[in-house]
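Enquirer: One file: run19.pdb (PDB, C-alpha atoms).
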MODEL        1
ATOM      1  CA  MET A   1     -42.052 -76.476  73.427
ATOM      2  CA  ALA A   2     -39.332 -77.632  75.813
ATOM      3  CA  LYS A   3     -40.366 -81.242  75.216
ATOM      4  CA  ARG A   4     -39.962 -80.789  71.461
ATOM      5  CA  LYS A   5     -36.506 -79.295  72.006
ATOM      6  CA  TYR A   6     -35.482 -82.285  74.105
ATOM      7  CA  LEU A   7     -36.771 -84.623  71.434
ATOM      8  CA  ASP A   8     -34.804 -82.704  68.798
ATOM      9  CA  LEU A   9     -31.707 -82.897  70.948
ATOM     10  CA  ILE A  10     -32.062 -86.643  71.461
ATOM     11  CA  VAL A  11     -32.522 -87.199  67.725
ATOM     12  CA  LEU A  12     -29.547 -84.952  66.914
ATOM     13  CA  VAL A  13     -27.308 -86.669  69.473
ATOM     14  CA  MET A  14     -28.205 -90.060  68.034
ATOM     15  CA  ILE A  15     -27.485 -88.930  64.460
ATOM     16  CA  SER A  16     -24.245 -87.285  65.656
ATOM     17  CA  VAL A  17     -22.982 -90.439  67.352
ATOM     18  CA  PHE A  18     -23.814 -92.476  64.267
ATOM     19  CA  VAL A  19     -22.164 -90.041  61.819
ATOM     20  CA  ILE A  20     -19.001 -89.662  63.902
ATOM     21  CA  THR A  21     -18.684 -93.418  64.461
ATOM     22  CA  VAL A  22     -19.028 -94.377  60.805
ATOM     23  CA  SER A  23     -16.753 -91.484  59.750
ATOM     24  CA  ALA A  24     -14.064 -92.630  62.198
ATOM     25  CA  GLN A  25     -14.366 -96.169  60.842
ATOM     26  CA  VAL A  26     -13.990 -95.001  57.254
ATOM     27  CA  TYR A  27     -11.014 -92.792  58.171
ATOM     28  CA  TYR A  28      -9.392 -95.684  60.040
ATOM     29  CA  SER A  29      -9.877 -97.994  57.060
ATOM     30  CA  LEU A  30      -8.274 -95.326  54.847
ATOM     31  CA  GLY A  31      -5.103 -95.638  56.882
ATOM     32  CA  MET A  32      -4.976 -99.331  56.055
ATOM     33  CA  THR A  33      -5.563 -98.890  52.316
ATOM     34  CA  SER A  34      -2.488 -99.365  50.206
ATOM     35  CA  THR A  35      -2.073 -98.850  46.492
ATOM     36  CA  ILE A  36       0.129-101.279  44.614
ATOM     37  CA  THR A  37       1.220-100.476  41.087
ATOM     38  CA  THR A  38       2.840-102.946  38.744
ATOM     39  CA  ALA A  39       6.215-101.897  37.377
ATOM     40  CA  ALA A  40       9.009-103.252  35.229
ATOM     41  CA  ASN A  41      11.692-105.056  37.202
ATOM     42  CA  ASP A  42      14.989-103.273  37.695
ATOM     43  CA  VAL A  43      16.952-106.421  38.512
ATOM     44  CA  TYR A  44      17.272-109.058  35.794
ATOM     45  CA  PHE A  45      19.659-111.504  34.112
ATOM     46  CA  VAL A  46      22.105-110.618  31.346
ATOM     47  CA  LYS A  47      24.562-112.850  29.548
ATOM     48  CA  GLY A  48      28.208-112.879  30.608
ATOM     49  CA  PRO A  49      31.274-113.464  28.353
ATOM     50  CA  ASP A  50      31.192-117.230  29.076
ATOM     51  CA  ASN A  51      27.537-117.610  28.100
ATOM     52  CA  GLU A  52      28.159-119.711  24.989
ATOM     53  CA  THR A  53      30.298-122.336  26.696
ATOM     54  CA  ALA A  54      27.708-122.609  29.491
ATOM     55  CA  GLY A  55      24.752-122.674  27.059
ATOM     56  CA  VAL A  56      22.975-119.699  28.576
ATOM     57  CA  ASN A  57      19.485-118.996  27.315
ATOM     58  CA  ILE A  58      17.644-115.999  28.810
ATOM     59  CA  PHE A  59      13.862-115.596  28.394
ATOM     60  CA  ASN A  60      10.701-114.286  30.096
ATOM     61  CA  ASP A  61      11.867-110.651  29.734
ATOM     62  CA  ASN A  62      15.256-111.490  31.259
ATOM     63  CA  LYS A  63      13.623-112.861  34.397
ATOM     64  CA  SER A  64      14.424-116.539  33.737
ATOM     65  CA  ALA A  65      17.473-118.320  32.399
ATOM     66  CA  THR A  66      18.728-121.829  31.694
ATOM     67  CA  LEU A  67      22.351-123.009  31.558
ATOM     68  CA  THR A  68      22.203-126.213  29.523
ATOM     69  CA  LEU A  69      25.824-126.902  28.532
ATOM     70  CA  LEU A  70      27.491-127.032  31.952
ATOM     71  CA  LYS A  71      29.915-129.925  32.294
ATOM     72  CA  ALA A  72      31.401-131.721  35.292
ATOM     73  CA  TYR A  73      34.650-133.630  34.858
ATOM     74  CA  PRO A  74      35.757-136.506  37.124
ATOM     75  CA  ASN A  75      37.984-135.432  39.967
ATOM     76  CA  MET A  76      38.572-131.992  38.470
ATOM     77  CA  THR A  77      37.099-128.628  39.322
ATOM     78  CA  LEU A  78      35.597-126.926  36.315
ATOM     79  CA  SER A  79      34.851-123.233  36.726
ATOM     80  CA  TYR A  80      32.576-121.040  34.580
ATOM     81  CA  ASP A  81      33.651-117.640  35.833
ATOM     82  CA  ASP A  82      31.115-115.387  34.116
ATOM     83  CA  PRO A  83      28.376-117.228  32.216
ATOM     84  CA  ILE A  84      25.448-115.115  33.448
ATOM     85  CA  ARG A  85      25.066-111.892  35.391
ATOM     86  CA  VAL A  86      22.551-110.247  37.689
ATOM     87  CA  ARG A  87      22.061-106.643  36.633
ATOM     88  CA  ASN A  88      20.541-103.789  38.652
ATOM     89  CA  ASN A  89      19.371-101.441  35.925
ATOM     90  CA  HIS A  90      18.070 -98.711  38.230
ATOM     91  CA  THR A  91      19.932 -95.416  37.915
ATOM     92  CA  SER A  92      20.128 -94.673  41.632
ATOM     93  CA  GLN A  93      18.467 -97.303  43.819
ATOM     94  CA  SER A  94      20.376-100.309  45.134
ATOM     95  CA  TYR A  95      18.627-103.621  45.858
ATOM     96  CA  ASN A  96      19.278-106.619  48.059
ATOM     97  CA  VAL A  97      19.384-110.042  46.423
ATOM     98  CA  ARG A  98      19.984-113.588  47.567
ATOM     99  CA  LEU A  99      20.282-117.017  45.996
ATOM    100  CA  ARG A 100      17.648-119.542  47.031
ATOM    101  CA  PRO A 101      17.570-123.263  46.173
ATOM    102  CA  VAL A 102      14.329-124.430  44.548
ATOM    103  CA  SER A 103      14.768-128.003  43.339
ATOM    104  CA  LEU A 104      17.415-130.624  42.620
ATOM    105  CA  SER A 105      17.292-133.902  40.748
ATOM    106  CA  GLY A 106      20.031-136.236  39.560
ATOM    107  CA  ASN A 107      21.984-139.177  40.861
ATOM    108  CA  ALA A 108      24.250-138.047  43.724
ATOM    109  CA  GLN A 109      26.790-140.859  43.267
ATOM    110  CA  HIS A 110      28.225-139.237  40.126
ATOM    111  CA  PHE A 111      28.891-135.766  41.506
ATOM    112  CA  VAL A 112      31.063-134.142  44.200
ATOM    113  CA  PHE A 113      29.748-130.582  44.133
ATOM    114  CA  ILE A 114      27.975-127.984  42.038
ATOM    115  CA  ASN A 115      28.386-124.434  43.341
ATOM    116  CA  PHE A 116      26.757-121.157  42.341
ATOM    117  CA  THR A 117      28.473-117.989  43.581
ATOM    118  CA  LEU A 118      27.123-114.476  43.158
ATOM    119  CA  ASN A 119      30.185-112.254  42.999
ATOM    120  CA  THR A 120      28.996-109.182  44.836
ATOM    121  CA  ALA A 121      31.284-107.194  47.170
ATOM    122  CA  THR A 122      30.635-109.958  49.685
ATOM    123  CA  PRO A 123      30.256-113.097  47.530
ATOM    124  CA  VAL A 124      27.488-115.513  48.478
ATOM    125  CA  SER A 125      27.240-119.149  47.399
ATOM    126  CA  LEU A 126      24.835-122.017  47.068
ATOM    127  CA  ASN A 127      26.925-125.156  47.474
ATOM    128  CA  TYR A 128      25.308-128.423  46.450
ATOM    129  CA  THR A 129      27.580-131.183  47.726
ATOM    130  CA  SER A 130      27.311-134.919  47.414
ATOM    131  CA  ASN A 131      28.812-137.580  49.680
ATOM    132  CA  GLY A 132      28.424-140.165  46.940
ATOM    133  CA  ILE A 133      25.083-141.350  48.255
ATOM    134  CA  SER A 134      22.880-138.276  48.615
ATOM    135  CA  TRP A 135      22.915-134.543  48.036
ATOM    136  CA  ALA A 136      23.281-132.036  50.855
ATOM    137  CA  ASP A 137      20.853-129.249  50.003
ATOM    138  CA  PRO A 138      22.111-125.771  50.862
ATOM    139  CA  SER A 139      19.913-123.187  52.529
ATOM    140  CA  GLU A 140      19.314-119.782  50.984
ATOM    141  CA  THR A 141      22.126-117.242  51.178
ATOM    142  CA  ALA A 142      22.084-113.975  53.075
ATOM    143  CA  PHE A 143      20.875-110.887  51.223
ATOM    144  CA  VAL A 144      23.669-108.891  49.582
ATOM    145  CA  THR A 145      23.544-105.462  47.980
ATOM    146  CA  VAL A 146      23.572-104.974  44.235
ATOM    147  CA  ASN A 147      24.388-101.365  43.448
ATOM    148  CA  ALA A 148      22.571 -99.242  40.902
ATOM    149  CA  ASN A 149      23.548 -99.602  37.257
ATOM    150  CA  THR A 150      25.890-102.520  38.010
ATOM    151  CA  GLU A 151      26.216-106.154  36.927
ATOM    152  CA  TYR A 152      27.446-109.039  39.067
ATOM    153  CA  ALA A 153      28.590-112.390  37.690
ATOM    154  CA  ILE A 154      27.251-115.715  38.890
ATOM    155  CA  ARG A 155      30.165-118.155  38.884
ATOM    156  CA  VAL A 156      29.419-121.870  38.502
ATOM    157  CA  GLN A 157      31.872-124.545  39.658
ATOM    158  CA  THR A 158      31.391-128.269  39.156
ATOM    159  CA  MET A 159      33.179-131.499  39.976
ATOM    160  CA  ALA A 160      32.147-135.068  39.169
ATOM    161  CA  ASN A 161      33.053-138.159  41.118
ATOM    162  CA  ALA A 162      36.317-139.882  40.092
ATOM    163  CA  THR A 163      34.327-142.928  39.087
ATOM    164  CA  ALA A 164      31.553-141.042  37.295
ATOM    165  CA  THR A 165      30.473-142.351  33.943
ATOM    166  CA  SER A 166      29.784-140.067  31.009
ATOM    167  CA  GLY A 167      26.305-138.678  30.311
ATOM    168  CA  GLN A 168      25.029-138.413  33.901
ATOM    169  CA  ILE A 169      22.742-135.433  34.463
ATOM    170  CA  ALA A 170      21.888-133.279  37.474
ATOM    171  CA  THR A 171      19.205-130.611  37.161
ATOM    172  CA  ILE A 172      19.231-127.724  39.607
ATOM    173  CA  GLU A 173      16.762-124.870  39.824
ATOM    174  CA  ILE A 174      17.705-121.820  41.872
ATOM    175  CA  ALA A 175      15.944-118.490  42.385
ATOM    176  CA  VAL A 176      17.323-115.007  42.782
ATOM    177  CA  ASP A 177      15.166-113.159  45.339
ATOM    178  CA  VAL A 178      15.115-109.385  45.175
ATOM    179  CA  GLU A 179      14.116-106.961  47.930
ATOM    180  CA  THR A 180      14.302-103.209  48.139
TER     181      THR A 180
ATOM    182  CA  MET B   1      13.320 -87.037  71.668
ATOM    183  CA  LEU B   2       9.537 -86.852  71.584
ATOM    184  CA  LYS B   3       8.274 -86.893  68.018
ATOM    185  CA  LEU B   4       4.738 -86.132  66.937
ATOM    186  CA  ALA B   5       3.089 -88.392  64.411
ATOM    187  CA  THR B   6       2.809 -86.220  61.314
ATOM    188  CA  ASP B   7       1.481 -88.821  58.894
ATOM    189  CA  LEU B   8      -1.952 -87.280  58.594
ATOM    190  CA  LEU B   9      -4.099 -88.233  55.641
ATOM    191  CA  PRO B  10      -5.833 -85.360  53.789
ATOM    192  CA  GLU B  11      -9.158 -86.927  54.854
ATOM    193  CA  PHE B  12      -8.363 -85.999  58.442
ATOM    194  CA  PHE B  13      -9.502 -82.453  57.595
ATOM    195  CA  LEU B  14     -12.762 -83.903  56.324
ATOM    196  CA  PHE B  15     -13.195 -85.830  59.566
ATOM    197  CA  LEU B  16     -12.435 -82.673  61.561
ATOM    198  CA  GLY B  17     -14.989 -80.745  59.485
ATOM    199  CA  ILE B  18     -17.627 -83.415  60.199
ATOM    200  CA  ASP B  19     -16.921 -83.059  63.929
ATOM    201  CA  PHE B  20     -17.253 -79.273  63.700
ATOM    202  CA  PHE B  21     -20.587 -79.534  61.889
ATOM    203  CA  VAL B  22     -21.890 -82.068  64.410
ATOM    204  CA  GLY B  23     -20.816 -79.827  67.296
ATOM    205  CA  LEU B  24     -22.413 -76.826  65.613
ATOM    206  CA  SER B  25     -25.641 -78.765  65.145
ATOM    207  CA  LEU B  26     -25.858 -79.645  68.853
ATOM    208  CA  LEU B  27     -24.901 -76.115  69.928
ATOM    209  CA  THR B  28     -27.515 -74.440  67.725
ATOM    210  CA  CYS B  29     -30.134 -76.838  69.089
ATOM    211  CA  VAL B  30     -29.223 -76.143  72.726
ATOM    212  CA  MET B  31     -28.847 -72.371  72.364
ATOM    213  CA  GLY B  32     -32.364 -71.810  71.069
ATOM    214  CA  HIS B  33     -31.611 -68.632  69.059
ATOM    215  CA  PHE B  34     -32.074 -70.354  65.731
ATOM    216  CA  ARG B  35     -34.856 -71.870  63.690
ATOM    217  CA  ARG B  36     -35.642 -75.510  64.316
ATOM    218  CA  THR B  37     -34.338 -76.539  60.895
ATOM    219  CA  VAL B  38     -30.822 -75.065  61.435
ATOM    220  CA  PRO B  39     -29.428 -77.947  63.593
ATOM    221  CA  TYR B  40     -30.777 -80.451  61.082
ATOM    222  CA  LEU B  41     -29.124 -78.563  58.241
ATOM    223  CA  TYR B  42     -25.787 -78.863  60.048
ATOM    224  CA  GLN B  43     -26.428 -82.581  60.571
ATOM    225  CA  ALA B  44     -27.071 -82.856  56.843
ATOM    226  CA  ALA B  45     -23.755 -81.074  56.230
ATOM    227  CA  ALA B  46     -22.041 -83.612  58.510
ATOM    228  CA  VAL B  47     -23.662 -86.505  56.616
ATOM    229  CA  PHE B  48     -22.524 -84.879  53.359
ATOM    230  CA  GLY B  49     -18.994 -84.877  54.804
ATOM    231  CA  TYR B  50     -19.306 -88.574  55.593
ATOM    232  CA  VAL B  51     -20.403 -89.279  52.007
ATOM    233  CA  ASN B  52     -17.347 -87.327  50.824
ATOM    234  CA  LEU B  53     -15.123 -89.392  53.094
ATOM    235  CA  TRP B  54     -16.618 -92.630  51.808
ATOM    236  CA  MET B  55     -16.227 -91.555  48.181
ATOM    237  CA  SER B  56     -12.668 -90.519  48.876
ATOM    238  CA  ARG B  57     -11.927 -94.040  50.068
ATOM    239  CA  GLN B  58     -13.636 -95.652  47.084
ATOM    240  CA  LEU B  59     -11.778 -93.463  44.583
ATOM    241  CA  LEU B  60      -8.463 -93.355  46.421
ATOM    242  CA  SER B  61      -6.397 -94.478  43.453
ATOM    243  CA  THR B  62      -8.203 -92.139  41.033
ATOM    244  CA  PHE B  63      -7.802 -88.915  43.008
ATOM    245  CA  GLY B  64      -4.315 -87.556  43.514
ATOM    246  CA  GLU B  65      -3.206 -86.407  46.948
ATOM    247  CA  TYR B  66      -3.397 -82.738  45.918
ATOM    248  CA  MET B  67      -7.028 -83.071  44.848
ATOM    249  CA  ARG B  68      -7.944 -84.991  48.023
ATOM    250  CA  PHE B  69      -6.239 -82.341  50.124
ATOM    251  CA  SER B  70      -8.055 -79.549  48.239
ATOM    252  CA  TYR B  71     -11.611 -80.798  48.734
ATOM    253  CA  CYS B  72     -10.980 -81.905  52.324
ATOM    254  CA  LEU B  73      -9.572 -78.507  53.226
ATOM    255  CA  LEU B  74     -12.457 -76.786  51.434
ATOM    256  CA  TYR B  75     -14.958 -78.753  53.525
ATOM    257  CA  LEU B  76     -13.154 -77.890  56.750
ATOM    258  CA  ALA B  77     -12.940 -74.235  55.725
ATOM    259  CA  LEU B  78     -16.699 -74.333  55.122
ATOM    260  CA  ALA B  79     -17.271 -75.703  58.633
ATOM    261  CA  LEU B  80     -15.044 -72.986  60.094
ATOM    262  CA  ALA B  81     -16.825 -70.316  58.070
ATOM    263  CA  ASN B  82     -20.138 -71.512  59.529
ATOM    264  CA  ILE B  83     -18.772 -71.292  63.068
ATOM    265  CA  VAL B  84     -17.576 -67.746  62.436
ATOM    266  CA  GLY B  85     -20.899 -66.971  60.741
ATOM    267  CA  ILE B  86     -22.871 -68.170  63.783
ATOM    268  CA  ASN B  87     -20.613 -66.053  65.990
ATOM    269  CA  VAL B  88     -21.194 -62.961  63.884
ATOM    270  CA  TYR B  89     -24.930 -63.684  63.726
ATOM    271  CA  LEU B  90     -25.156 -63.835  67.525
ATOM    272  CA  ALA B  91     -23.014 -60.761  68.130
ATOM    273  CA  VAL B  92     -24.137 -58.471  65.293
ATOM    274  CA  VAL B  93     -27.565 -59.529  64.035
ATOM    275  CA  LYS B  94     -29.016 -60.685  67.360
ATOM    276  CA  LYS B  95     -26.958 -58.079  69.277
ATOM    277  CA  LEU B  96     -26.127 -60.612  71.979
ATOM    278  CA  TRP B  97     -22.645 -59.233  72.675
ATOM    279  CA  THR B  98     -21.942 -61.270  75.808
ATOM    280  CA  LEU B  99     -23.068 -64.513  74.226
ATOM    281  CA  GLY B 100     -21.054 -63.595  71.136
ATOM    282  CA  LYS B 101     -17.917 -63.115  73.243
ATOM    283  CA  VAL B 102     -18.486 -66.388  75.116
ATOM    284  CA  PHE B 103     -19.074 -68.194  71.815
ATOM    285  CA  ALA B 104     -15.916 -66.645  70.337
ATOM    286  CA  SER B 105     -13.734 -67.686  73.253
ATOM    287  CA  SER B 106     -15.217 -71.131  73.810
ATOM    288  CA  VAL B 107     -16.002 -72.242  70.251
ATOM    289  CA  THR B 108     -14.618 -70.023  67.473
ATOM    290  CA  PHE B 109     -11.138 -69.475  68.933
ATOM    291  CA  PRO B 110     -10.490 -73.129  69.955
ATOM    292  CA  THR B 111     -11.741 -74.526  66.641
ATOM    293  CA  THR B 112      -9.578 -72.059  64.695
ATOM    294  CA  LEU B 113      -6.618 -73.043  66.843
ATOM    295  CA  ILE B 114      -7.319 -76.748  66.304
ATOM    296  CA  PHE B 115      -7.531 -76.132  62.561
ATOM    297  CA  ALA B 116      -4.238 -74.192  62.557
ATOM    298  CA  PHE B 117      -2.571 -76.849  64.695
ATOM    299  CA  PHE B 118      -3.442 -79.782  62.431
ATOM    300  CA  PHE B 119      -2.833 -77.744  59.302
ATOM    301  CA  SER B 120       0.700 -77.055  60.532
ATOM    302  CA  LEU B 121       1.201 -80.764  61.307
ATOM    303  CA  TYR B 122       0.238 -81.773  57.792
ATOM    304  CA  GLU B 123       3.274 -82.025  55.541
ATOM    305  CA  GLY B 124       6.582 -81.408  57.194
ATOM    306  CA  GLU B 125       7.836 -80.799  60.694
ATOM    307  CA  PRO B 126       5.412 -79.778  63.439
ATOM    308  CA  PHE B 127       5.330 -76.057  64.133
ATOM    309  CA  TYR B 128       6.394 -75.946  67.776
ATOM    310  CA  VAL B 129       5.398 -72.292  68.381
ATOM    311  CA  LEU B 130       1.858 -73.126  67.295
ATOM    312  CA  THR B 131       1.849 -76.289  69.413
ATOM    313  CA  ALA B 132       2.942 -74.249  72.438
ATOM    314  CA  SER B 133       0.315 -71.580  71.736
ATOM    315  CA  PHE B 134      -2.318 -74.318  71.392
ATOM    316  CA  ILE B 135      -1.465 -75.728  74.818
ATOM    317  CA  PHE B 136      -1.283 -72.202  76.294
ATOM    318  CA  GLY B 137      -4.665 -71.331  74.753
ATOM    319  CA  ALA B 138      -6.213 -74.499  76.194
ATOM    320  CA  ILE B 139      -4.859 -73.657  79.677
ATOM    321  CA  VAL B 140      -6.145 -70.073  79.487
ATOM    322  CA  LEU B 141      -9.528 -71.334  78.335
ATOM    323  CA  GLY B 142      -9.714 -73.853  81.174
ATOM    324  CA  VAL B 143      -8.670 -71.352  83.852
ATOM    325  CA  GLY B 144     -11.021 -68.706  82.418
ATOM    326  CA  THR B 145     -13.969 -71.108  82.448
ATOM    327  CA  ALA B 146     -13.163 -72.126  86.027
ATOM    328  CA  PHE B 147     -13.087 -68.462  87.173
ATOM    329  CA  MET B 148     -16.325 -67.741  85.312
ATOM    330  CA  VAL B 149     -18.126 -70.650  86.990
ATOM    331  CA  MET B 150     -16.736 -69.723  90.433
ATOM    332  CA  ALA B 151     -17.799 -66.055  90.052
ATOM    333  CA  LYS B 152     -21.325 -67.122  89.086
ATOM    334  CA  ARG B 153     -21.644 -69.451  92.106
ATOM    335  CA  ARG B 154     -20.785 -66.577  94.500
TER     336      ARG B 154
ENDMDL
END
The structure given in the file should be rewritten as structure tokens.

Expert:
Amino acid sequence: MAKRKYLDLIVLVMISVFVITVSAQVYYSLGMTSTITTAANDVYFVKGPDNETAGVNIFNDNKSATLTLLKAYPNMTLSYDDPIRVRNNHTSQSYNVRLRPVSLSGNAQHFVFINFTLNTATPVSLNYTSNGISWADPSETAFVTVNANTEYAIRVQTMANATATSGQIATIEIAVDVET
Amino acid sequence: MLKLATDLLPEFFLFLGIDFFVGLSLLTCVMGHFRRTVPYLYQAAAVFGYVNLWMSRQLLSTFGEYMRFSYCLLYLALALANIVGINVYLAVVKKLWTLGKVFASSVTFPTTLIFAFFFSLYEGEPFYVLTASFIFGAIVLGVGTAFMVMAKRR
């Protein structure tokens, strides 16, 4: 009788250890489970008042844009003050954004600089400068706050070399990174 | 300032319930006042709790937090009800008053206190009065057990 009880106890202890161990593992894995839901973006591009002169075309649900009519005149700074804007459409939540260089192509000898400035409370810029031989690639800007329900202009400034000939092209791709 | 971690998942109650059932299974086996199948039934209840826990993880995005909390709390309440039931069975049906009192002070009361403690931690600030009473209860239990053992040895 006592032997049977001991056997029962041993079996029960073994089952108990197993059940508690696997339960603890499942509970621990629950803590590491995260649910990610897709949602519409709150921050996107909108056209500014100077969009026509800069040739702004916005697509991909306002998440991508091209500026195809930007000019650069020899030895003269040309400024497009408000061709395109970054809008935070959320009613209450602010976001942090930054400008990040992606790619650059074009002959450096014809240009002096091409600058992109996001006019937030603390403006941040990507300055592509040329020494006449090669481009100096900028690094990404610091994150700046874009307040809820607000739009911020991206100003573009260009200057071509004094000896630049007409029809020279530089193509720049930049990204706007968004974080909460 | 010392801050308690209050980010408990609803499944913690399920895990606590499994522990209670496992403990109950071992106790009923050791005590010898129950049929041989009773400890195994409690083990089955613990395994059922594990299956619940596993399903909860698999269907995490389907079940809302309120639903998860509801069935986890129900399972824990069931485990507590069984502990109280065993206590009543020993004291009333079997008329083992002393064993009933010992069981109440060493099993039923601490498990109820543990339940109340974690229930108060879930959602919101920790309830400091309950935390203090939990620590006080543990001290009283420890001192009481020590006195009981010493008195028996004399």

Enquirer: If the ChimeraX specification (/A :<10) & /B is run on the structure shown, which residues does it catch, given as a PDB file with C-alpha atoms, in the coordinates of the input?

Expert:
ATOM      1  CA  ASP B   7       1.481 -88.821  58.894  1.00  0.00           C
ATOM      2  CA  LEU B   8      -1.952 -87.280  58.594  1.00  0.00           C
ATOM      3  CA  LEU B   9      -4.099 -88.233  55.641  1.00  0.00           C
ATOM      4  CA  GLU B  11      -9.158 -86.927  54.854  1.00  0.00           C
ATOM      5  CA  PHE B  12      -8.363 -85.999  58.442  1.00  0.00           C
ATOM      6  CA  LEU B  14     -12.762 -83.903  56.324  1.00  0.00           C
ATOM      7  CA  PHE B  15     -13.195 -85.830  59.566  1.00  0.00           C
ATOM      8  CA  LEU B  16     -12.435 -82.673  61.561  1.00  0.00           C
ATOM      9  CA  ILE B  18     -17.627 -83.415  60.199  1.00  0.00           C
ATOM     10  CA  ASP B  19     -16.921 -83.059  63.929  1.00  0.00           C
ATOM     11  CA  PHE B  21     -20.587 -79.534  61.889  1.00  0.00           C
ATOM     12  CA  VAL B  22     -21.890 -82.068  64.410  1.00  0.00           C
ATOM     13  CA  GLY B  23     -20.816 -79.827  67.296  1.00  0.00           C
ATOM     14  CA  SER B  25     -25.641 -78.765  65.145  1.00  0.00           C
ATOM     15  CA  LEU B  26     -25.858 -79.645  68.853  1.00  0.00           C
ATOM     16  CA  LEU B  27     -24.901 -76.115  69.928  1.00  0.00           C
ATOM     17  CA  THR B  28     -27.515 -74.440  67.725  1.00  0.00           C
ATOM     18  CA  CYS B  29     -30.134 -76.838  69.089  1.00  0.00           C
ATOM     19  CA  VAL B  30     -29.223 -76.143  72.726  1.00  0.00           C
ATOM     20  CA  GLY B  32     -32.364 -71.810  71.069  1.00  0.00           C
ATOM     21  CA  ARG B  36     -35.642 -75.510  64.316  1.00  0.00           C
ATOM     22  CA  PRO B  39     -29.428 -77.947  63.593  1.00  0.00           C
ATOM     23  CA  TYR B  40     -30.777 -80.451  61.082  1.00  0.00           C
ATOM     24  CA  TYR B  42     -25.787 -78.863  60.048  1.00  0.00           C
ATOM     25  CA  GLN B  43     -26.428 -82.581  60.571  1.00  0.00           C
ATOM     26  CA  ALA B  44     -27.071 -82.856  56.843  1.00  0.00           C
ATOM     27  CA  ALA B  46     -22.041 -83.612  58.510  1.00  0.00           C
ATOM     28  CA  VAL B  47     -23.662 -86.505  56.616  1.00  0.00           C
ATOM     29  CA  PHE B  48     -22.524 -84.879  53.359  1.00  0.00           C
ATOM     30  CA  GLY B  49     -18.994 -84.877  54.804  1.00  0.00           C
ATOM     31  CA  TYR B  50     -19.306 -88.574  55.593  1.00  0.00           C
ATOM     32  CA  VAL B  51     -20.403 -89.279  52.007  1.00  0.00           C
ATOM     33  CA  ASN B  52     -17.347 -87.327  50.824  1.00  0.00           C
ATOM     34  CA  LEU B  53     -15.123 -89.392  53.094  1.00  0.00           C
ATOM     35  CA  TRP B  54     -16.618 -92.630  51.808  1.00  0.00           C
ATOM     36  CA  MET B  55     -16.227 -91.555  48.181  1.00  0.00           C
ATOM     37  CA  SER B  56     -12.668 -90.519  48.876  1.00  0.00           C
ATOM     38  CA  ARG B  57     -11.927 -94.040  50.068  1.00  0.00           C
ATOM     39  CA  GLN B  58     -13.636 -95.652  47.084  1.00  0.00           C
ATOM     40  CA  LEU B  60      -8.463 -93.355  46.421  1.00  0.00           C
ATOM     41  CA  SER B  61      -6.397 -94.478  43.453  1.00  0.00           C
TER      42      SER B  61
END

Enquirer: Starting from the shown file, work through the PyMOL selection byres ((chain A and resi 159) around 10) and note down what comes out as a PDB file with C-alpha atoms, keeping the file's coordinate frame.

Expert:
ATOM      1  CA  LYS A  71      29.915-129.925  32.294  1.00  0.00           C
ATOM      2  CA  ALA A  72      31.401-131.721  35.292  1.00  0.00           C
ATOM      3  CA  TYR A  73      34.650-133.630  34.858  1.00  0.00           C
ATOM      4  CA  PRO A  74      35.757-136.506  37.124  1.00  0.00           C
ATOM      5  CA  ASN A  75      37.984-135.432  39.967  1.00  0.00           C
ATOM      6  CA  MET A  76      38.572-131.992  38.470  1.00  0.00           C
ATOM      7  CA  THR A  77      37.099-128.628  39.322  1.00  0.00           C
ATOM      8  CA  LEU A  78      35.597-126.926  36.315  1.00  0.00           C
ATOM      9  CA  SER A  79      34.851-123.233  36.726  1.00  0.00           C
ATOM     10  CA  HIS A 110      28.225-139.237  40.126  1.00  0.00           C
ATOM     11  CA  PHE A 111      28.891-135.766  41.506  1.00  0.00           C
ATOM     12  CA  VAL A 112      31.063-134.142  44.200  1.00  0.00           C
ATOM     13  CA  PHE A 113      29.748-130.582  44.133  1.00  0.00           C
ATOM     14  CA  ILE A 114      27.975-127.984  42.038  1.00  0.00           C
ATOM     15  CA  ASN A 115      28.386-124.434  43.341  1.00  0.00           C
ATOM     16  CA  THR A 129      27.580-131.183  47.726  1.00  0.00           C
ATOM     17  CA  GLN A 157      31.872-124.545  39.658  1.00  0.00           C
ATOM     18  CA  THR A 158      31.391-128.269  39.156  1.00  0.00           C
ATOM     19  CA  ALA A 160      32.147-135.068  39.169  1.00  0.00           C
ATOM     20  CA  ASN A 161      33.053-138.159  41.118  1.00  0.00           C
ATOM     21  CA  ALA A 162      36.317-139.882  40.092  1.00  0.00           C
TER      22      ALA A 162
END

Enquirer: Could you tell me, as a PyMOL selection string, exactly which residues end up selected when the PyMOL selection byres ((chain A and resi 117-122) around 12) is applied to this structure?

Expert: chain A and resi 79-88+95-100+114-116+123-128+140-147+150-158+174-176

Enquirer: Within 7 Å of (15.4, -107.9, 42.1), in the coordinates the file gives, what residues turn up when you count only C-alpha atoms, written out as a ChimeraX atom specification?

Expert: /A:41-44,95,97,177-179

Enquirer: Distance cut-off 8 Å, centre (21.8, -141.6, 36.8) in file coordinates, counting all atoms listed in the file: which residues qualify? Return them as a ChimeraX atom specification.

Expert: /A:106-107,110,168-169

Enquirer: My list of candidates is B:Gly85, B:Pro10, B:Gly17, B:Gly142. Which is closest to B:Glu65 when distances are computed with only C-alpha atoms?

Expert: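 Closest to B:Glu65 of all the choices is B:Pro10.
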
Enquirer: Considering only C-alpha atoms, can you say which of B:Leu41, B:Leu24, B:Leu73, B:Met31 comes closest to B:Tyr122?

Expert: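 Distance minimum relative to B:Tyr122 lands on B:Leu73.
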
Enquirer: Expressed in Å to a single decimal, how great is the separation between atom CA of B:Val84 and atom CA of A:Lys3?

Expert: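 Computed distance, atom CA of B:Val84 to atom CA of A:Lys3, equals 29.4 Å.
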